[in-house]
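Contents: one structure, followed by commentary.
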Amino acid sequence: MSSEQRKAFPFSEFEPKWQGEWEAKKAFRTPNPGDADFDASKPKYFVLDMFPYPSGNGLHVGHPEGYTATDIIGRFKKMSGFNVLHPMGWDAFGLPAEQYAIKTGTHPRVTTEANIANFTKQLKSLGFAYDWDREVNTTDPGYFKWTQWIFLKLYNSWFNPSTKRAEPVSTYRFHPDDDLLAPGEELDGKVPSEQNRIEINKVRAEKQREFLDSVRLAFVSSAPVNWCQELGTVLANEEVVDGKSEVGGFTVERRPMRQWMLRITAFAQRLIDELDGLDWPESIKLLQRNWIGRSEGAHVTFKVAQASSLPPDKQDACPTITVFTTRPDTLFGATYMVIAPEHPLVSQITTPAQLEAVEGYQKSVVSKSDLERTELAKDKSGVFTGAYAINPVNDEQIPIWIADYVLMGYGTGAIMAVPAHDQRDMEFAKKFDLPITTVVERECPHSPSEEAKAAPAGEDTRTPCFAGDGIAVNSGFLDGLTTPDAKKKIAAWLEEKGLGKGTTNFKLRDWLFSRQRYWGEPFPIVWEDGKHRSIPESELPLVPPTLEDFKPTGTPEPPLSKATDWVRYSDTATRELNTMPQWAGSCWYYLRYCDPKNSERFISEAAENYWMGGGKPGGVDLYVGGTEHAVLHLLYARFWHKVLFDLGYVSTPEPFQRLVNQGLILGEDGQKMSKSRGNVVNPDDVVSEYGADALRLYEMFMGPLEQVKPWSTSGVVGQSRFLARVWRLVMEQNDEGTWSVSTALQDVPSNKQVTKALHETIKKCGEDIEKLSFNTAISAMMVCTTAFTGAEVKSASAIVTFLKVLSPFAPHLAEELNAQIRSKFPGLAAPGFLSDEIWPNYDPAALIEDEVEVVFQVNGKLRDKARVPIQATKEEIEKIALASARVQEFMEGKTPKKVIVVPGKLVNIVV
RNA sequence: GCCGAUGUGGUGAAAUGGUAAACACAGCGGACUUAAAAUCCGCUGGAGGGCAACCUCCUUGCCGGUUCGAGUCCGGCCAUCGGCACCA
């Protein structure tokens with residue numbers, strides 16, 4: 001028996017047929033403002049998928065989950081009168097293609113193109129209503145021209161702290177002493193000679209350049225990165241385990257390298273604040289807030305004591321160390337100080353006696369990766385520098401230690417340690433026998449016994465420290481104040497004495513934006529005399545050179561260095577050799593969809609205004625994708641968008657108004673799908689076995705979109721059966737196995753019961769689609785199908801209405817059945833594609849029944865029910881309930897204390 | 001450790017504070033068939049009672065609370081999953 005015969009309905013014939021029709025007739029082309037067929041009177045709906053990285057493995061079942069959800073929404077909105085923008089594209093730069101290229105010698109462009117062709121075929125086989133004319137590809141020079149262009153905008157902008165906005169560097173105001181002198185302008189009361197003026201301006205111009213370079217949003221810095229000699233590349237922190245590379249287990253060292261950074265930290269506050277108005281899952285907002293990690297506190301400056309042990313040449317230096325603390329109110333409890341081992345002052349303050357120990361410790365720390373440093377967090381380590389700081393509140397000398405639990409990258413790289421009120425300081429103090437002074441006491445005096453219980457006498461080594469708010473004690477002028485009041489008072493005191501001031505700190509670091517890779521966007525930057533400058537926009541796109549050998553060089557020199565001709569920009573200038581990270585292209589792709597072919601601008605004003613502006617609050621109306629991008633892509637894209645907004649290129653401060661995270665699909669065994677577990681489901685197999693509609697429907701029926709849920713092949717079978725039932729509503733098979741339009745289908749109105757079921761389905765599906773509650777929408781359609789099945793004669797027009805509701809979910813089947821009905825009842829079916837139809841209205845009158853079932857409860861327990869006329873009054877219903885024999889039985893002859901009547905629902909009699 | 005999410009039948013799940021388990025899957029029984037597949041119909045949370053149609057009690061992780069009424073709201077626990085993790 002051939003598999004063809006086994007199929008309950010011929011999806012393998014009509015699915016490709018309709019995909020071909022839609023493509024040939026451009027059924028889902030979305031006109032842009034300015035196009036002849038653009039209808040500006042319609043509202044817009046921009047529904048966005050996270051575009052895939054076209055990997056060699058092809059689509060996995062997680063992709064169609066989000067894509068089907070957005071497809072249903074998009075098709076529904078289109079039928080509801082919106083101009084719908086629902087595009088697809090490729091995030092195609094990236095390491096896997098490059099690694100594959102290194103292994104096989106195939107150029108990444110070749111593998112990338114092949115993978116895109118495969119992905120395209122797979123997506124088209126699922127019948128998604130994408131406007132393929134808007135396809136974007138981040139590796140296309142016509143695309144990355146604008147990625148480079150945006151980089152130049154970042155490069156040529158600075159963050160003005162007074163306006164809190166990105167501005168062109170031209171608005172940067174230099175100190176008057178650094179302004180260039182105009183001819184004839186006075187300097188120190190006299191006009192310099194022309195010769196001198198040129199000399200002075202040369203010096204000043206150089207100073208200005210340095211200033212600008214230090215404020216640009218794209219800037220160069222020497223950040224320590226994870227460098228792996230054997231792999232010949234830098235690695236992300238996630239790729240380093242126990243100081244070894246995750247791949248190959250090679251040694252990874254921390255080494256400072258010249259890197260491009262983007263000044264995302266300047267936007268930290270706005271990135272937090274502007275989350276508030278977004279319709280995103282609270283958990284994702286929280287993840288971003290925590291990632292940005294704002295904390296309020298104060299800088300406090302400590303003098304380093306003039307220790308006699310310091311050598312004479314260090315005596316007059318009298319350095320100061322500034323710490324960041326969120327608890328300035330505990331200053332009286334600061335019994336020692338810790339500075340990061342990399343802190344620049346370490347060498348200056350270390351006493352000769354401690355020099356060897358300190359340098360040894362520094363060396364041991366340098367080789368550790370950040371990950372290693374935190375993984376060994378359990379056990380505190382550190383070394384005394386021999387120096388002392390003076391606590392400004394009580395002039396006590398406190399020892400200065402170095403320890404790797406203090407990180408150079410956060411705050412000032414130095415802390416005042418308050419062991420009584422900080423767990424880490426407590427652990428450190430215990431290990432090294434440093435004094436512990438309590439300066440805050442718990443406020444609740446009425447539960448001392450519980451406290452005693454919590455800390456059993458003596459033996460417990462991990463005495464819990466009290467890190468909460470309380471009342472200041474042992475704190476001089478702060479005594480008796482609550483923690484918030486003490487914070488205010490000490491802040492004022494510090495400020496008055498010039499010893500410190502309130503500050504806000506963020507965990508967010510600037511974005512390391514360069515990679516030593518071949519398969520990425522080259523920077524539009526050249527170097528000359530050790531200085532960088534941008535290339536003119538007219539030279540964009542800057543296409544990477546065609547390299548035969550894209551293997552790593554074995555040195556920190558990026559592979560692009562091998563293209564010697566390309567590297568040479570002029571006799572004296574050479575190109576930047578690093579490339580941008582994969583995130584670059586995905587930071588703005590949603591904008592390019594709005595105007596993908598524009599060669600004059602990254603997006604036209606009209607297109608931006610319509611698709612990204614368009615009413616309040618604007619932006620992408622719905623963005624669906626996985627949680628894995630909660631903090632990286634979604635933060636980076638918001639950052640770029642804000643810069644473009646500040647510079648006037650886009651009209652909203654936020655790109656994605658509504659975000660929904662689809663839940664991961666697990667394997668049938670409830671484990672994460674992976675090749676090694678052998679539980680990976682290939683969507684192609686599902687499509688060939690059960691059809692695209694069954695796959696779409698199943699993925700939507702599995703459960704709530706946001707939820708993690710396991711795959712079940714028998715669940716797909718169930719959806720296939722449902723579709724077959726719908727098919728047989730319209731079609732019947734003769735003895736030869738040929739399908740034709742069923743004789744039960746007639747040009748008649750449907751009966752009351754079916755009409756009610758149909759209108760309930762229209763109502764519920766419309767509401768559920770808006771809520772993204774697709775599983776319940778599908779169950780409603782199943783109920784409706786059962787109602788149709790029960791009717792002997794089927795109303796063709798009612799079924800066509802049902803098919804319109806079904807069409808966003810199972811577009812192929814709906815389209816085919818509509819066409820079949822049209823062949824027999826031309827007037828009753830949709831004349832063209834169902835997607836061009838208007839979403840049906842439901843008739844509220846059809847939903848109303850003459851009678852409703854009312855439940856009778858006695859003391860909250862269900863005892864009886866009865867059908868009651870819909871218009872019955874409360875009193876009437878109560879009377880019917882009290883008359884019930886079963887109700888009376890359970891009332892046991894008592895008089896009701898209270899009777900609650902919910903019309904159309906229930907009666908509860910309390911006795 | 002901190003933060004977040006989730007706990008309902010054998011399974012995926014449903015339920016504006018108002019009949020818990022809709023809709024499916026799996027299972028069992030039946031119809032059709034020489035037979036099987038497909039299809040259609042019925043049963044299917046637990047315990048107890050009845051020849052029976054039926055009836056009673058229990059049941060949404062655990063313990064309390066609010067309410068005429070709680071899966072849903074509040075407080076406290078427990079478990080699982082996810083994220084962050086020496087951030088001063």
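All residue names refer to the structure tokens as shown: chains lettered A, B, ... in order, residues numbered from 1 in each chain, ligands numbered from 1 in order.
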Can you tell me which residues surround Trp146 in chain A at a distance of at most 10 Å, considering only C-alpha atoms (C1' of nucleotides), apart from same-chain residues fewer than 5 positions away, and format the answer as a PDB file with all heavy atoms, in the first residue's frame?
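Produced file out-v5.pdb, reproduced below:
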ATOM      1  N   THR A 138      21.937  39.891   5.898  1.00  0.00           N
ATOM      2  CA  THR A 138      22.934  40.782   6.515  1.00  0.00           C
ATOM      3  C   THR A 138      24.289  40.736   5.805  1.00  0.00           C
ATOM      4  O   THR A 138      25.110  41.625   6.002  1.00  0.00           O
ATOM      5  CB  THR A 138      23.153  40.422   8.000  1.00  0.00           C
ATOM      6  OG1 THR A 138      23.497  39.036   8.089  1.00  0.00           O
ATOM      7  CG2 THR A 138      21.917  40.688   8.827  1.00  0.00           C
ATOM      8  N   PRO A 141      26.018  43.069   0.367  1.00  0.00           N
ATOM      9  CA  PRO A 141      26.630  44.408   0.428  1.00  0.00           C
ATOM     10  C   PRO A 141      25.593  45.528   0.452  1.00  0.00           C
ATOM     11  O   PRO A 141      25.802  46.553   1.111  1.00  0.00           O
ATOM     12  CB  PRO A 141      27.469  44.473  -0.848  1.00  0.00           C
ATOM     13  CG  PRO A 141      27.753  43.042  -1.185  1.00  0.00           C
ATOM     14  CD  PRO A 141      26.569  42.245  -0.712  1.00  0.00           C
ATOM     15  N   PHE A 151      27.330  52.405  11.774  1.00  0.00           N
ATOM     16  CA  PHE A 151      28.546  52.451  12.592  1.00  0.00           C
ATOM     17  C   PHE A 151      29.196  53.836  12.498  1.00  0.00           C
ATOM     18  O   PHE A 151      29.641  54.391  13.507  1.00  0.00           O
ATOM     19  CB  PHE A 151      29.545  51.365  12.165  1.00  0.00           C
ATOM     20  CG  PHE A 151      30.845  51.467  12.926  1.00  0.00           C
ATOM     21  CD1 PHE A 151      30.968  50.905  14.190  1.00  0.00           C
ATOM     22  CD2 PHE A 151      31.931  52.175  12.401  1.00  0.00           C
ATOM     23  CE1 PHE A 151      32.141  51.028  14.912  1.00  0.00           C
ATOM     24  CE2 PHE A 151      33.110  52.306  13.123  1.00  0.00           C
ATOM     25  CZ  PHE A 151      33.220  51.734  14.385  1.00  0.00           C
ATOM     26  N   LEU A 152      29.206  54.385  11.300  1.00  0.00           N
ATOM     27  CA  LEU A 152      29.801  55.727  11.147  1.00  0.00           C
ATOM     28  C   LEU A 152      29.017  56.767  11.943  1.00  0.00           C
ATOM     29  O   LEU A 152      29.592  57.724  12.460  1.00  0.00           O
ATOM     30  CB  LEU A 152      29.868  56.130   9.671  1.00  0.00           C
ATOM     31  CG  LEU A 152      30.891  55.372   8.828  1.00  0.00           C
ATOM     32  CD1 LEU A 152      30.914  55.926   7.405  1.00  0.00           C
ATOM     33  CD2 LEU A 152      32.288  55.449   9.451  1.00  0.00           C
ATOM     34  N   GLU A 537      31.435  58.223   3.364  1.00  0.00           N
ATOM     35  CA  GLU A 537      30.248  57.406   3.113  1.00  0.00           C
ATOM     36  C   GLU A 537      30.184  56.927   1.673  1.00  0.00           C
ATOM     37  O   GLU A 537      29.643  55.864   1.387  1.00  0.00           O
ATOM     38  CB  GLU A 537      28.973  58.199   3.451  1.00  0.00           C
ATOM     39  CG  GLU A 537      28.734  58.295   4.946  1.00  0.00           C
ATOM     40  CD  GLU A 537      27.491  59.106   5.296  1.00  0.00           C
ATOM     41  OE1 GLU A 537      26.619  59.260   4.411  1.00  0.00           O
ATOM     42  OE2 GLU A 537      27.396  59.574   6.440  1.00  0.00           O
ATOM     43  N   LEU A 540      31.192  53.391   0.855  1.00  0.00           N
ATOM     44  CA  LEU A 540      30.414  52.251   1.355  1.00  0.00           C
ATOM     45  C   LEU A 540      29.614  51.642   0.201  1.00  0.00           C
ATOM     46  O   LEU A 540      29.200  52.365  -0.685  1.00  0.00           O
ATOM     47  CB  LEU A 540      29.470  52.690   2.470  1.00  0.00           C
ATOM     48  CG  LEU A 540      30.119  53.320   3.701  1.00  0.00           C
ATOM     49  CD1 LEU A 540      29.059  53.671   4.734  1.00  0.00           C
ATOM     50  CD2 LEU A 540      31.160  52.394   4.309  1.00  0.00           C
ATOM     51  N   PRO A 541      29.332  50.360   0.203  1.00  0.00           N
ATOM     52  CA  PRO A 541      29.775  49.406   1.211  1.00  0.00           C
ATOM     53  C   PRO A 541      31.254  49.058   1.078  1.00  0.00           C
ATOM     54  O   PRO A 541      31.762  48.993  -0.029  1.00  0.00           O
ATOM     55  CB  PRO A 541      28.927  48.171   0.897  1.00  0.00           C
ATOM     56  CG  PRO A 541      28.659  48.250  -0.560  1.00  0.00           C
ATOM     57  CD  PRO A 541      28.546  49.721  -0.869  1.00  0.00           C
ATOM     58  N   GLY A 585      24.426  43.161  12.436  1.00  0.00           N
ATOM     59  CA  GLY A 585      23.399  43.125  11.397  1.00  0.00           C
ATOM     60  C   GLY A 585      21.993  43.015  11.960  1.00  0.00           C
ATOM     61  O   GLY A 585      21.037  43.540  11.385  1.00  0.00           O
ATOM     62  N   TRP A 588      19.405  46.221  13.444  1.00  0.00           N
ATOM     63  CA  TRP A 588      18.546  47.188  12.740  1.00  0.00           C
ATOM     64  C   TRP A 588      17.779  46.565  11.586  1.00  0.00           C
ATOM     65  O   TRP A 588      17.135  47.281  10.820  1.00  0.00           O
ATOM     66  CB  TRP A 588      19.402  48.357  12.232  1.00  0.00           C
ATOM     67  CG  TRP A 588      20.287  47.992  11.070  1.00  0.00           C
ATOM     68  CD1 TRP A 588      21.451  47.279  11.122  1.00  0.00           C
ATOM     69  CD2 TRP A 588      20.055  48.289   9.686  1.00  0.00           C
ATOM     70  NE1 TRP A 588      21.964  47.116   9.869  1.00  0.00           N
ATOM     71  CE2 TRP A 588      21.137  47.733   8.956  1.00  0.00           C
ATOM     72  CE3 TRP A 588      19.059  48.978   8.996  1.00  0.00           C
ATOM     73  CZ2 TRP A 588      21.230  47.830   7.569  1.00  0.00           C
ATOM     74  CZ3 TRP A 588      19.162  49.074   7.615  1.00  0.00           C
ATOM     75  CH2 TRP A 588      20.241  48.512   6.923  1.00  0.00           C
ATOM     76  N   ARG A 592      15.199  47.817   7.995  1.00  0.00           N
ATOM     77  CA  ARG A 592      15.452  47.602   6.573  1.00  0.00           C
ATOM     78  C   ARG A 592      14.259  46.930   5.888  1.00  0.00           C
ATOM     79  O   ARG A 592      14.013  47.161   4.714  1.00  0.00           O
ATOM     80  CB  ARG A 592      16.718  46.761   6.403  1.00  0.00           C
ATOM     81  CG  ARG A 592      17.239  46.693   4.969  1.00  0.00           C
ATOM     82  CD  ARG A 592      17.605  48.065   4.423  1.00  0.00           C
ATOM     83  NE  ARG A 592      18.163  47.991   3.080  1.00  0.00           N
ATOM     84  CZ  ARG A 592      18.395  49.047   2.313  1.00  0.00           C
ATOM     85  NH1 ARG A 592      18.125  50.268   2.755  1.00  0.00           N
ATOM     86  NH2 ARG A 592      18.911  48.913   1.106  1.00  0.00           N
ATOM     87  N   SER A 599      18.501  52.349  -2.094  1.00  0.00           N
ATOM     88  CA  SER A 599      19.963  52.472  -2.197  1.00  0.00           C
ATOM     89  C   SER A 599      20.437  53.860  -1.779  1.00  0.00           C
ATOM     90  O   SER A 599      21.630  54.111  -1.679  1.00  0.00           O
ATOM     91  CB  SER A 599      20.403  52.173  -3.633  1.00  0.00           C
ATOM     92  OG  SER A 599      19.721  53.038  -4.510  1.00  0.00           O
ATOM     93  N   GLU A 600      19.486  54.756  -1.511  1.00  0.00           N
ATOM     94  CA  GLU A 600      19.850  56.126  -1.135  1.00  0.00           C
ATOM     95  C   GLU A 600      19.923  56.312   0.381  1.00  0.00           C
ATOM     96  O   GLU A 600      20.619  57.191   0.881  1.00  0.00           O
ATOM     97  CB  GLU A 600      18.795  57.113  -1.662  1.00  0.00           C
ATOM     98  CG  GLU A 600      18.584  57.067  -3.163  1.00  0.00           C
ATOM     99  CD  GLU A 600      19.863  57.348  -3.914  1.00  0.00           C
ATOM    100  OE1 GLU A 600      20.556  58.324  -3.549  1.00  0.00           O
ATOM    101  OE2 GLU A 600      20.197  56.570  -4.833  1.00  0.00           O
ATOM    102  N   ARG A 601      19.142  55.524   1.077  1.00  0.00           N
ATOM    103  CA  ARG A 601      19.000  55.726   2.500  1.00  0.00           C
ATOM    104  C   ARG A 601      18.775  54.365   3.146  1.00  0.00           C
ATOM    105  O   ARG A 601      18.293  53.440   2.490  1.00  0.00           O
ATOM    106  CB  ARG A 601      17.764  56.620   2.754  1.00  0.00           C
ATOM    107  CG  ARG A 601      17.987  57.689   3.779  1.00  0.00           C
ATOM    108  CD  ARG A 601      16.881  58.743   3.698  1.00  0.00           C
ATOM    109  NE  ARG A 601      17.018  59.702   4.790  1.00  0.00           N
ATOM    110  CZ  ARG A 601      16.516  59.525   5.998  1.00  0.00           C
ATOM    111  NH1 ARG A 601      15.824  58.436   6.279  1.00  0.00           N
ATOM    112  NH2 ARG A 601      16.688  60.433   6.940  1.00  0.00           N
ATOM    113  N   PHE A 602      19.107  54.225   4.448  1.00  0.00           N
ATOM    114  CA  PHE A 602      18.893  52.917   5.085  1.00  0.00           C
ATOM    115  C   PHE A 602      17.409  52.620   5.226  1.00  0.00           C
ATOM    116  O   PHE A 602      16.986  51.470   5.266  1.00  0.00           O
ATOM    117  CB  PHE A 602      19.643  52.831   6.423  1.00  0.00           C
ATOM    118  CG  PHE A 602      19.017  53.578   7.575  1.00  0.00           C
ATOM    119  CD1 PHE A 602      18.573  52.888   8.685  1.00  0.00           C
ATOM    120  CD2 PHE A 602      18.905  54.958   7.561  1.00  0.00           C
ATOM    121  CE1 PHE A 602      18.008  53.554   9.765  1.00  0.00           C
ATOM    122  CE2 PHE A 602      18.344  55.639   8.636  1.00  0.00           C
ATOM    123  CZ  PHE A 602      17.892  54.940   9.736  1.00  0.00           C
ATOM    124  N   ILE A 603      16.600  53.675   5.301  1.00  0.00           N
ATOM    125  CA  ILE A 603      15.142  53.543   5.290  1.00  0.00           C
ATOM    126  C   ILE A 603      14.609  54.920   4.911  1.00  0.00           C
ATOM    127  O   ILE A 603      15.094  55.933   5.414  1.00  0.00           O
ATOM    128  CB  ILE A 603      14.599  53.070   6.657  1.00  0.00           C
ATOM    129  CG1 ILE A 603      13.064  52.969   6.665  1.00  0.00           C
ATOM    130  CG2 ILE A 603      15.037  53.990   7.771  1.00  0.00           C
ATOM    131  CD1 ILE A 603      12.502  52.378   7.953  1.00  0.00           C
TER     132      ILE A 603
END
request  = Fewer than 2 positions away in the same chain doesn't count, so skip those; otherwise give me all residues within 9 Å of U60 in chain B, counting only C-alpha atoms (C1' of nucleotides), as a ChimeraX atom specification.
outcome  = /B:8,20,71
task = Rounded to one decimal place, report the CA of Ser586 in chain A-CA of Trp566 in chain A distance in Å.
result =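 Separation of CA of Ser586 in chain A and CA of Trp566 in chain A: 26.2 Å.
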Could you build a table of the residues in chain A lying no more than 6 Å from chain B, giving for each the nearest pair of atoms and their separation in Å rounded to one decimal place, using only C-alpha atoms (C1' of nucleotides), ordered by chain and ascending residue number, as JSON lines?
{"residue": "A:Thr325", "atom": "CA", "partner": "B:A88", "partner_atom": "C1'", "distance": 5.7}
{"residue": "A:Ala377", "atom": "CA", "partner": "B:C86", "partner_atom": "C1'", "distance": 6.0}
{"residue": "A:Tyr405", "atom": "CA", "partner": "B:C86", "partner_atom": "C1'", "distance": 4.9}
{"residue": "A:Lys507", "atom": "CA", "partner": "B:C87", "partner_atom": "C1'", "distance": 5.9}
{"residue": "A:Gly715", "atom": "CA", "partner": "B:C25", "partner_atom": "C1'", "distance": 5.7}
{"residue": "A:Ser779", "atom": "CA", "partner": "B:C23", "partner_atom": "C1'", "distance": 4.6}
{"residue": "A:Gly860", "atom": "CA", "partner": "B:G69", "partner_atom": "C1'", "distance": 5.4}
key: d(CA of Asp179 in chain A, CA of Gln208 in chain A) in Å   = 8.0 Å
In range 510-698 of chain A, DSSP strand (DSSP E) residues written as a list in words =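 Answer for range 510-698 of chain A, restricted to strand (DSSP E): Trp511, Leu512, Ile525, Val526, Trp527, Glu528, Lys531, His532, Arg533, Ser534, Thr574, Arg575, Leu622, Tyr623, Val624, Gly625, Leu659, Val660, Asn661, Ile665 and Leu666 of chain A.
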inquiry  = I want to know what sits within 12 Å of C55 in chain B, based on only C-alpha atoms (C1' of nucleotides), with residues of the same chain fewer than 5 positions away left out; could you give that as a list in words?
reply    =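 So the residues in contact are Arg863 and Arg886 of chain A; G48, G49 and G50 of chain B.
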For the residues in the current selection, export N, CA, C and O atoms (P, O5', C5', C4', C3', O3' and C1' of nucleotides) as an mmCIF file, in the first residue's frame.
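The result, written out as again_3.cif:
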data_model
loop_
_atom_site.group_PDB
_atom_site.id
_atom_site.type_symbol
_atom_site.label_atom_id
_atom_site.label_comp_id
_atom_site.auth_asym_id
_atom_site.auth_seq_id
_atom_site.Cartn_x
_atom_site.Cartn_y
_atom_site.Cartn_z
ATOM 1 N N ARG A 863 -25.988 20.627 43.756
ATOM 2 C CA ARG A 863 -27.016 19.652 44.095
ATOM 3 C C ARG A 863 -27.984 19.396 42.959
ATOM 4 O O ARG A 863 -28.579 18.330 42.881
ATOM 5 N N ARG A 886 -34.198 18.004 45.085
ATOM 6 C CA ARG A 886 -32.858 17.691 45.586
ATOM 7 C C ARG A 886 -32.332 18.827 46.458
ATOM 8 O O ARG A 886 -31.665 18.597 47.462
ATOM 9 P P G B 48 -12.817 1.111 46.719
ATOM 10 O "O5'" G B 48 -14.234 1.509 47.327
ATOM 11 C "C5'" G B 48 -14.440 1.458 48.734
ATOM 12 C "C4'" G B 48 -15.748 2.106 49.094
ATOM 13 C "C3'" G B 48 -17.018 1.409 48.600
ATOM 14 O "O3'" G B 48 -17.325 0.242 49.322
ATOM 15 C "C1'" G B 48 -17.230 3.728 48.290
ATOM 16 P P G B 49 -18.116 -0.933 48.570
ATOM 17 O "O5'" G B 49 -19.582 -0.339 48.405
ATOM 18 C "C5'" G B 49 -20.383 -0.095 49.557
ATOM 19 C "C4'" G B 49 -21.673 0.550 49.174
ATOM 20 C "C3'" G B 49 -22.537 -0.210 48.166
ATOM 21 O "O3'" G B 49 -23.221 -1.299 48.757
ATOM 22 C "C1'" G B 49 -22.501 2.072 47.585
ATOM 23 P P G B 50 -23.497 -2.610 47.887
ATOM 24 O "O5'" G B 50 -24.578 -2.101 46.838
ATOM 25 C "C5'" G B 50 -25.952 -1.967 47.211
ATOM 26 C "C4'" G B 50 -26.735 -1.373 46.087
ATOM 27 C "C3'" G B 50 -26.846 -2.227 44.833
ATOM 28 O "O3'" G B 50 -27.806 -3.273 44.955
ATOM 29 C "C1'" G B 50 -26.391 -0.001 44.232
#
message = Here is a test: counting only C-alpha atoms (C1' of nucleotides), which residue of B:A15, B:C54, B:C2, B:G9 is nearest to U72 in chain B?
response =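 Checking each candidate against U72 in chain B, we get B:A15 as the closest.
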ask   = What does the distance between CA of Asp276 in chain A and CA of Asp646 in chain A come to in Å, to one decimal place?
value =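 Calculated distance between CA of Asp276 in chain A and CA of Asp646 in chain A is 18.9 Å.
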